[in-house]
Amino acid sequence: MRKNRRKQVFENVEVIDAGAKGKTIGKAPDGRVIFLTNTVPGDVVDVQTTKKRKAYFEGVATQFHKLSDKRVEPECQHFGVCGGCKWQDMGYEHQLYYKQKEVENNLKRIGHLELPEITPILGSKEQYFYRNKMEFSFSDSRWLTLNEIQSDIEITDKNALGFHIPGMWDKILDIKKCHLQRDPSNAIRLAARNFADANGLSFFNPRHQHGLLRTLMIRTASTGELMVLIQFYEDDVEKRELLLNHLKDTFPEITALLYVVNQKQNDTIYDQEIVCFDGRDHIFEEMEGLKFKITAKSFYQTNSEQAYELYKITRDFADLDGNELVYDLYTGTGTIAQFVAKKAKKVVGIESVPEAIEDAKANAERNQIENVNFFVGDMKNVFNKTFIQQNGIPDVIITDPPRDGMHKDVVQQILNIAPDKVVYVSCNSATQARDLALMKDVYKVAKVRPVDMFPQTHHVENVVLLKKI
């Protein structure tokens, strides 16, 4: 071990595990954990620490003495610089192992839960090009590589269309090819970038808040339909239509060509007016014959094929016989509610986003599903005693909350009702475990099934069936 004031170097550290947030784990000579960002379990490395805490270090590997047999060659040329797909250098079977292990550890260590035998994680059939939604940012001050910085050559092309460098809100990595969304996603992004360059259309400067082009969103659907949305900062009709017409003519397969003029400091579009330039203002997803209208502001699981598998597991865990009243908490656009409706007597969905509930109602009408009702409002306020008196005591509750999990008042209301079964779908098994711990005096964990929605990343969904004791 070598010390350099605040930073230290640990030599020949064996990487022994993968932990939360995609980091890997080694041990310092004094036994403290070292969280690493650029290794794979099984590597033996020298570590330069970047942070020191009372119980752990953070660091990066500076020299590799032995490479793990779990390693694979990353597919993407941007790996290691781009903030996404951090597990591309680990074989997929090993990714699945560590995802399942994280779920088990969280349920046991955070929830202190007694678990049944956990069903093996369901891997994704597609390990690349699986996302149906991608968002890219324009910038006139792109991220420069170390070679470019050290070169004597003058850098004249500083425009970029790509992703934010991790931890740097104003620096964008110019993406040549992304392996997350299927064609024609890459072709559309490159066409927009190259046309803008060739025609002098200015790229956004987030620090100084100027420039024409701000963001590009591309949504694809399993139906083959395609949405493209350009977000402009400056309201220049001539230049805007120049780019939009180019995309329209070059990609006639675009179903919905949309734009936004957004002069706020942030680039969120949920409070902005979406303008349809050509085609429809929406696309459709389809699942078991059900059609779901997807607008620019809609939430829909970003891995369509794996979402179908997730919903099937959720429906199987609920094990409905047609006589149950089901509550679907955090229903979003009502996909799960409608997916289980044909096996339930009635489904009641609750969601806080008004636009999502409007979509849910429209989708139910389109799909001719009459045994669903949707309500909008903050879950902890809407899901109360009066609501339950008006809508009935549910036999089954399905809950799919955001990453922060359920508010403690929502958990308590579930306990007050105490339905026979609760199916808890989670994108964060740590907060899921916290919530389940609050329920373990009333419910036992009957089934657990992790689902991998996001290959090449550390993220994992988990479905738990609770049965009343």
# chains A, B, ... in the order shown; residues from 1 in each chain; ligands from 1
$ residues_around --residues "Ala196 (chain A)" --least-positions-apart "2" --cutoff "12 Å" --atoms "only C-alpha atoms" --output "PDB file with N, CA and C atoms, in the first residue's frame"
ATOM      1  N   PHE A 138     -28.264  17.747 -27.735  1.00  0.00           N
ATOM      2  CA  PHE A 138     -27.367  18.513 -28.598  1.00  0.00           C
ATOM      3  C   PHE A 138     -26.458  19.384 -27.727  1.00  0.00           C
ATOM      4  N   SER A 139     -25.237  19.608 -28.184  1.00  0.00           N
ATOM      5  CA  SER A 139     -24.331  20.511 -27.476  1.00  0.00           C
ATOM      6  C   SER A 139     -23.321  21.102 -28.449  1.00  0.00           C
ATOM      7  N   ASP A 140     -22.977  22.370 -28.231  1.00  0.00           N
ATOM      8  CA  ASP A 140     -21.951  23.002 -29.069  1.00  0.00           C
ATOM      9  C   ASP A 140     -20.579  22.923 -28.409  1.00  0.00           C
ATOM     10  N   ASN A 159     -19.433  20.249 -32.030  1.00  0.00           N
ATOM     11  CA  ASN A 159     -20.848  19.893 -31.871  1.00  0.00           C
ATOM     12  C   ASN A 159     -21.003  18.422 -31.495  1.00  0.00           C
ATOM     13  N   ALA A 160     -22.063  18.137 -30.772  1.00  0.00           N
ATOM     14  CA  ALA A 160     -22.328  16.755 -30.354  1.00  0.00           C
ATOM     15  C   ALA A 160     -23.823  16.517 -30.299  1.00  0.00           C
ATOM     16  N   LEU A 161     -24.191  15.255 -30.540  1.00  0.00           N
ATOM     17  CA  LEU A 161     -25.553  14.789 -30.288  1.00  0.00           C
ATOM     18  C   LEU A 161     -25.408  13.424 -29.638  1.00  0.00           C
ATOM     19  N   ARG A 189     -30.624   9.697 -35.707  1.00  0.00           N
ATOM     20  CA  ARG A 189     -29.783  10.592 -34.912  1.00  0.00           C
ATOM     21  C   ARG A 189     -28.651  11.177 -35.754  1.00  0.00           C
ATOM     22  N   LEU A 190     -27.979  10.327 -36.527  1.00  0.00           N
ATOM     23  CA  LEU A 190     -26.864  10.801 -37.345  1.00  0.00           C
ATOM     24  C   LEU A 190     -27.341  11.732 -38.456  1.00  0.00           C
ATOM     25  N   ALA A 191     -28.517  11.438 -39.011  1.00  0.00           N
ATOM     26  CA  ALA A 191     -29.060  12.299 -40.066  1.00  0.00           C
ATOM     27  C   ALA A 191     -29.371  13.687 -39.511  1.00  0.00           C
ATOM     28  N   ALA A 192     -29.944  13.739 -38.318  1.00  0.00           N
ATOM     29  CA  ALA A 192     -30.259  15.031 -37.702  1.00  0.00           C
ATOM     30  C   ALA A 192     -28.978  15.809 -37.412  1.00  0.00           C
ATOM     31  N   ARG A 193     -27.986  15.115 -36.875  1.00  0.00           N
ATOM     32  CA  ARG A 193     -26.731  15.781 -36.532  1.00  0.00           C
ATOM     33  C   ARG A 193     -26.010  16.288 -37.769  1.00  0.00           C
ATOM     34  N   ASN A 194     -25.886  15.438 -38.769  1.00  0.00           N
ATOM     35  CA  ASN A 194     -25.122  15.797 -39.968  1.00  0.00           C
ATOM     36  C   ASN A 194     -25.804  16.907 -40.757  1.00  0.00           C
ATOM     37  N   ALA A 198     -24.281  20.576 -41.562  1.00  0.00           N
ATOM     38  CA  ALA A 198     -24.108  21.007 -42.953  1.00  0.00           C
ATOM     39  C   ALA A 198     -24.855  22.301 -43.253  1.00  0.00           C
ATOM     40  N   ASN A 199     -25.914  22.555 -42.496  1.00  0.00           N
ATOM     41  CA  ASN A 199     -26.754  23.721 -42.783  1.00  0.00           C
ATOM     42  C   ASN A 199     -26.628  24.825 -41.736  1.00  0.00           C
ATOM     43  N   GLY A 200     -25.629  24.707 -40.899  1.00  0.00           N
ATOM     44  CA  GLY A 200     -25.354  25.781 -39.951  1.00  0.00           C
ATOM     45  C   GLY A 200     -26.403  25.970 -38.876  1.00  0.00           C
ATOM     46  N   LEU A 201     -27.115  24.912 -38.526  1.00  0.00           N
ATOM     47  CA  LEU A 201     -28.097  25.008 -37.447  1.00  0.00           C
ATOM     48  C   LEU A 201     -27.357  24.891 -36.117  1.00  0.00           C
ATOM     49  N   SER A 202     -27.553  25.832 -35.250  1.00  0.00           N
ATOM     50  CA  SER A 202     -26.752  25.896 -34.029  1.00  0.00           C
ATOM     51  C   SER A 202     -27.188  24.865 -32.991  1.00  0.00           C
ATOM     52  N   PHE A 203     -26.180  24.276 -32.328  1.00  0.00           N
ATOM     53  CA  PHE A 203     -26.413  23.311 -31.263  1.00  0.00           C
ATOM     54  C   PHE A 203     -26.490  24.065 -29.934  1.00  0.00           C
ATOM     55  N   PHE A 204     -27.218  23.512 -28.991  1.00  0.00           N
ATOM     56  CA  PHE A 204     -27.501  24.176 -27.722  1.00  0.00           C
ATOM     57  C   PHE A 204     -26.247  24.299 -26.859  1.00  0.00           C
ATOM     58  N   GLY A 211     -28.764  28.660 -28.629  1.00  0.00           N
ATOM     59  CA  GLY A 211     -28.654  27.638 -29.664  1.00  0.00           C
ATOM     60  C   GLY A 211     -30.028  27.141 -30.077  1.00  0.00           C
ATOM     61  N   LEU A 212     -30.134  26.650 -31.288  1.00  0.00           N
ATOM     62  CA  LEU A 212     -31.423  26.220 -31.844  1.00  0.00           C
ATOM     63  C   LEU A 212     -31.830  24.842 -31.336  1.00  0.00           C
ATOM     64  N   LEU A 213     -30.938  23.864 -31.456  1.00  0.00           N
ATOM     65  CA  LEU A 213     -31.283  22.459 -31.246  1.00  0.00           C
ATOM     66  C   LEU A 213     -30.951  22.022 -29.827  1.00  0.00           C
ATOM     67  N   ARG A 214     -31.944  21.437 -29.144  1.00  0.00           N
ATOM     68  CA  ARG A 214     -31.762  21.124 -27.731  1.00  0.00           C
ATOM     69  C   ARG A 214     -31.714  19.617 -27.460  1.00  0.00           C
ATOM     70  N   LYS A 239     -35.659  27.645 -39.829  1.00  0.00           N
ATOM     71  CA  LYS A 239     -34.640  26.631 -39.540  1.00  0.00           C
ATOM     72  C   LYS A 239     -35.275  25.362 -38.961  1.00  0.00           C
ATOM     73  N   ARG A 240     -36.295  25.550 -38.150  1.00  0.00           N
ATOM     74  CA  ARG A 240     -36.984  24.392 -37.573  1.00  0.00           C
ATOM     75  C   ARG A 240     -37.588  23.527 -38.666  1.00  0.00           C
ATOM     76  N   GLU A 241     -38.288  24.154 -39.584  1.00  0.00           N
ATOM     77  CA  GLU A 241     -38.954  23.394 -40.645  1.00  0.00           C
ATOM     78  C   GLU A 241     -37.948  22.800 -41.620  1.00  0.00           C
ATOM     79  N   LEU A 242     -36.793  23.437 -41.759  1.00  0.00           N
ATOM     80  CA  LEU A 242     -35.752  22.894 -42.622  1.00  0.00           C
ATOM     81  C   LEU A 242     -35.325  21.514 -42.128  1.00  0.00           C
ATOM     82  N   LEU A 243     -35.077  21.389 -40.830  1.00  0.00           N
ATOM     83  CA  LEU A 243     -34.655  20.108 -40.262  1.00  0.00           C
ATOM     84  C   LEU A 243     -35.795  19.106 -40.239  1.00  0.00           C
ATOM     85  N   LEU A 244     -36.971  19.537 -39.823  1.00  0.00           N
ATOM     86  CA  LEU A 244     -38.102  18.609 -39.733  1.00  0.00           C
ATOM     87  C   LEU A 244     -38.482  18.061 -41.105  1.00  0.00           C
ATOM     88  N   HIS A 246     -36.474  17.680 -43.603  1.00  0.00           N
ATOM     89  CA  HIS A 246     -35.415  16.749 -43.987  1.00  0.00           C
ATOM     90  C   HIS A 246     -35.670  15.370 -43.376  1.00  0.00           C
ATOM     91  N   LEU A 247     -36.021  15.329 -42.100  1.00  0.00           N
ATOM     92  CA  LEU A 247     -36.305  14.048 -41.451  1.00  0.00           C
ATOM     93  C   LEU A 247     -37.547  13.398 -42.047  1.00  0.00           C
TER      94      LEU A 247
END
$ residues_around --residues "Asp420 (chain A)" --least-positions-apart "6" --cutoff "7 Å" --atoms "only C-alpha atoms" --output "list in words"
Asp395, Val396, Lys467 and Lys468 of chain A
$ write_last_selection --atoms "C-alpha atoms" --output "CSV table (one decimal), in the first residue's frame"
chain,number,residue,atom,x,y,z
A,395,ASP,CA,-59.2,-9.0,-2.8
A,396,VAL,CA,-55.8,-8.4,-4.5
A,467,LYS,CA,-50.0,-13.8,1.2
A,468,LYS,CA,-51.8,-12.9,4.3
$ closest_residue --among "A:Val422, A:Leu415, A:Ser137, A:Glu148" --to "Val442 (chain A)" --atoms "only C-alpha atoms"
A:Leu415
$ residues_around --residues "Gln301 (chain A)" --least-positions-apart "6" --cutoff "10 Å" --atoms "only C-alpha atoms" --output "ChimeraX atom specification"
/A:131-133,307-308,310,335,453
$ residues_around --residues "region 164-173 of chain A" --least-positions-apart "4" --cutoff "7 Å" --atoms "only C-alpha atoms" --output "ChimeraX atom specification"
/A:82-83,139,141-143,160,206-207
$ write_last_selection --atoms "N, CA and C atoms" --output "mmCIF file, in the first residue's frame"
data_model
loop_
_atom_site.group_PDB
_atom_site.id
_atom_site.type_symbol
_atom_site.label_atom_id
_atom_site.label_comp_id
_atom_site.auth_asym_id
_atom_site.auth_seq_id
_atom_site.Cartn_x
_atom_site.Cartn_y
_atom_site.Cartn_z
ATOM 1 N N CYS A 82 -19.128 6.731 -22.043
ATOM 2 C CA CYS A 82 -20.573 6.928 -21.930
ATOM 3 C C CYS A 82 -21.034 6.434 -20.558
ATOM 4 N N GLY A 83 -22.048 7.064 -20.015
ATOM 5 C CA GLY A 83 -22.516 6.701 -18.679
ATOM 6 C C GLY A 83 -23.393 5.472 -18.615
ATOM 7 N N SER A 139 -25.237 19.608 -28.184
ATOM 8 C CA SER A 139 -24.331 20.511 -27.476
ATOM 9 C C SER A 139 -23.321 21.102 -28.449
ATOM 10 N N SER A 141 -20.479 22.194 -27.299
ATOM 11 C CA SER A 141 -19.186 22.057 -26.602
ATOM 12 C C SER A 141 -19.038 20.614 -26.134
ATOM 13 N N ARG A 142 -18.815 19.734 -27.098
ATOM 14 C CA ARG A 142 -18.814 18.313 -26.815
ATOM 15 C C ARG A 142 -17.653 17.911 -25.917
ATOM 16 N N TRP A 143 -17.776 16.718 -25.346
ATOM 17 C CA TRP A 143 -16.719 16.138 -24.536
ATOM 18 C C TRP A 143 -15.550 15.763 -25.444
ATOM 19 N N ALA A 160 -22.063 18.137 -30.772
ATOM 20 C CA ALA A 160 -22.328 16.755 -30.354
ATOM 21 C C ALA A 160 -23.823 16.517 -30.299
ATOM 22 N N PRO A 206 -25.771 24.557 -22.981
ATOM 23 C CA PRO A 206 -26.536 24.519 -21.732
ATOM 24 C C PRO A 206 -26.040 25.501 -20.676
ATOM 25 N N ARG A 207 -24.770 25.858 -20.737
ATOM 26 C CA ARG A 207 -24.229 26.784 -19.731
ATOM 27 C C ARG A 207 -24.695 28.210 -19.987
#
$ atom_distance --atom1 "CA of Ala28 (chain A)" --atom2 "CA of Ala55 (chain A)"
10.8 Å
$ residues_around --residues "Lys66 (chain A)" --least-positions-apart "3" --cutoff "7 Å" --atoms "only C-alpha atoms" --output "list in words"
Asp43, Val44 and Val45 of chain A
$ write_last_selection --atoms "N, CA and C atoms" --output "compact mmCIF listing (two decimals), in the first residue's frame"
# COMPACT_ATOMS: atom_id res chain seq x y z
N ASP A 43 -11.12 -9.90 -11.28
CA ASP A 43 -9.92 -9.13 -11.62
C ASP A 43 -9.01 -9.01 -10.40
N VAL A 44 -7.71 -8.92 -10.65
CA VAL A 44 -6.74 -8.56 -9.61
C VAL A 44 -6.06 -7.28 -10.07
N VAL A 45 -6.14 -6.22 -9.26
CA VAL A 45 -5.77 -4.89 -9.74
C VAL A 45 -5.04 -4.08 -8.67
$ select_by_dssp --residues "region 3-114 of chain A" --states "strand (DSSP E)" --output "PyMOL selection string"
chain A and resi 3-4+7-14+17-18+24-27+33-36+44-52+56-66
$ atom_distance --atom1 "CA of Leu96 (chain A)" --atom2 "CA of Gln456 (chain A)"
9.7 Å
